[in-house]
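Below is one structure; the comments refer to it alone.
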Amino acid sequence: MKKIMTLILALALAFSMSVTAFAEDTTIDQNTADKTGIATVSYNVAPTYTVTIPTKVDLMRKETNGTVTYEQKAEIKAENVRLNQGDVIQVTLAGNEGAFKMSSGQTEWKYAVTVDDSATPISSGDVVATFKTDKNATQSAALHFAADDPDYAGNYSGTVTFTLRVAEASAQEGRS
């Protein structure tokens, strides 16, 4: 019985020590020598953003000077971007198994992705867009998908993966 009572008292003592202590408000009256008080004013604004990526990109047949290609532009949009100072949102694009390719049955066909009007194709994993804090404007980045005319007929499709990350602006790599 003594052991049980000792255990109960020990637990009661332990629980009473874990009560959070709150600082008392400053009280000033006519007898207070120092008639000043200090209050801490604070609030928290959490980072927020909305990034919209295309769910489907249908390449359209294009013929220029007798050369057939299949092309389409797609847009990534960012709205209501509010990040910690010095941070940006980076969007990377990755293809199937490290390459941009489509298939139709057993036939695989590669395609290229460029940013805006650049002639240089990106590699799988490259940063294709960088968005900074701008809570009042819509920001965008255009991607251009293009494939040469395939050897065989078929319904070609593949997937790309868009990945977002918040990074320090000084850690930017790739295009903006």
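Each chain of the structure tokens is named A, B, ... in the order shown, its residues numbered from 1; ligands are numbered from 1 in display order.
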
task = Give me the residues within 6 Å of A:Glu79 as an NGL selection string, counting only C-alpha atoms and dropping any in the same chain fewer than 2 places off.
result = :A and (50 or 81 or 138)

query = Among chain A, which residues carry a DSSP assignment of strand (DSSP E), reported as an MDAnalysis selection string?
reply = chainID A and resid 48:52 60:64 67:82 87:94 101:104 107:110 112:115 126:131 139:148 161:168

Spatial neighbours of A:Gln90, max dist 6 Å, only C-alpha atoms, sep filter under 5 positions, as number ranges by chain = A: 129-130, 164-165

query = Quick one, how far is atom CA of A:Ile76 from atom CA of A:Thr55?
reply = 10.5 Å

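The residue set within 9 Å of A:Ile53, counting only C-alpha atoms and dropping same-chain residues fewer than 4 places from it, reads Ala74, Glu75, Ile76, Lys77, Ala78 and Phe162 of chain A.
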
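Distances to A:Arg82 were evaluated for A:Gly37, A:Pro47, A:Gly154, A:Pro54 using only C-alpha atoms, and the minimum falls at A:Pro47.
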
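All residues of protein, DNA or RNA that reach within 12 Å of A:Gln106, judged by only C-alpha atoms and not counting those fewer than 5 positions away in the chain, are Tyr152, Ala153, Gly154, Asn155, Tyr156 and Ser157 of chain A.
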
inquiry  = Rounded to one decimal, what separation in Å do you get between atom CA of A:Gly158 and atom CA of A:Glu97?
reply    = 10.9 Å

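Backbone DSSP assigns helix (DSSP H, G or I) in chain A to Lys2, Lys3, Ile4, Met5, Thr6, Leu7, Ile8, Leu9, Ala10, Leu11, Ala12, Leu13, Ala14, Phe15, Ser16, Met17, Ala169, Ser170 and Ala171 of chain A.
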
Dump N, CA and C atoms for the selected residues as a compact mmCIF listing (two decimals), in the first residue's frame?
```
# COMPACT_ATOMS: atom_id res chain seq x y z
N LYS A 2 1.94 1.23 0.77
CA LYS A 2 2.84 2.38 0.81
C LYS A 2 3.48 2.61 -0.56
N LYS A 3 3.81 1.50 -1.24
CA LYS A 3 4.42 1.62 -2.56
C LYS A 3 3.45 2.25 -3.56
N ILE A 4 2.20 1.87 -3.50
CA ILE A 4 1.20 2.42 -4.40
C ILE A 4 1.00 3.90 -4.11
N MET A 5 0.92 4.25 -2.84
CA MET A 5 0.74 5.65 -2.46
C MET A 5 1.96 6.48 -2.87
N THR A 6 3.15 5.92 -2.71
CA THR A 6 4.37 6.63 -3.11
C THR A 6 4.38 6.84 -4.62
N LEU A 7 3.97 5.84 -5.37
CA LEU A 7 3.91 5.94 -6.82
C LEU A 7 2.91 7.02 -7.25
N ILE A 8 1.74 7.04 -6.63
CA ILE A 8 0.72 8.03 -6.96
C ILE A 8 1.23 9.44 -6.65
N LEU A 9 1.87 9.62 -5.50
CA LEU A 9 2.40 10.94 -5.14
C LEU A 9 3.52 11.36 -6.09
N ALA A 10 4.36 10.41 -6.47
CA ALA A 10 5.46 10.72 -7.40
C ALA A 10 4.91 11.14 -8.76
N LEU A 11 3.89 10.43 -9.25
CA LEU A 11 3.27 10.79 -10.52
C LEU A 11 2.59 12.16 -10.44
N ALA A 12 1.91 12.43 -9.34
CA ALA A 12 1.25 13.72 -9.16
C ALA A 12 2.28 14.84 -9.16
N LEU A 13 3.41 14.62 -8.53
CA LEU A 13 4.48 15.61 -8.49
C LEU A 13 5.07 15.82 -9.89
N ALA A 14 5.27 14.73 -10.62
CA ALA A 14 5.83 14.83 -11.96
C ALA A 14 4.89 15.57 -12.89
N PHE A 15 3.59 15.28 -12.83
CA PHE A 15 2.63 15.96 -13.69
C PHE A 15 2.49 17.43 -13.33
N SER A 16 2.63 17.77 -12.07
CA SER A 16 2.50 19.18 -11.69
C SER A 16 3.69 19.99 -12.19
N MET A 17 4.83 19.37 -12.40
CA MET A 17 6.01 20.07 -12.90
C MET A 17 5.92 20.34 -14.40
N ALA A 169 17.25 31.11 -53.47
CA ALA A 169 17.45 31.74 -54.77
C ALA A 169 18.90 31.57 -55.24
N SER A 170 19.84 31.57 -54.32
CA SER A 170 21.25 31.41 -54.70
C SER A 170 21.53 29.99 -55.18
N ALA A 171 20.63 29.04 -54.89
CA ALA A 171 20.83 27.65 -55.31
C ALA A 171 20.17 27.39 -56.65
```

Which residues of stretch 81-127 of chain A come within 12 Å of stretch 56-65 of chain A, and for each one, what is the closest pair of atoms and their distance in Å to one decimal, counting only C-alpha atoms, sorted by chain and residue number, as a Markdown table?
```
| residue | atom | partner | partner_atom | distance |
| --- | --- | --- | --- | --- |
| A:Met102 | CA | A:Leu59 | CA | 11.4 |
| A:Tyr111 | CA | A:Leu59 | CA | 10.2 |
| A:Ala112 | CA | A:Leu59 | CA | 11.5 |
| A:Val113 | CA | A:Val57 | CA | 11.6 |
```

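One finds atom CA of A:Ser118 at 27.1 Å from atom CA of A:Asn80.
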
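The residue that comes closest to A:Asp151, out of A:Asp25, A:Thr133, A:Gly125, A:Ser104 and on the basis of only C-alpha atoms, is A:Ser104.
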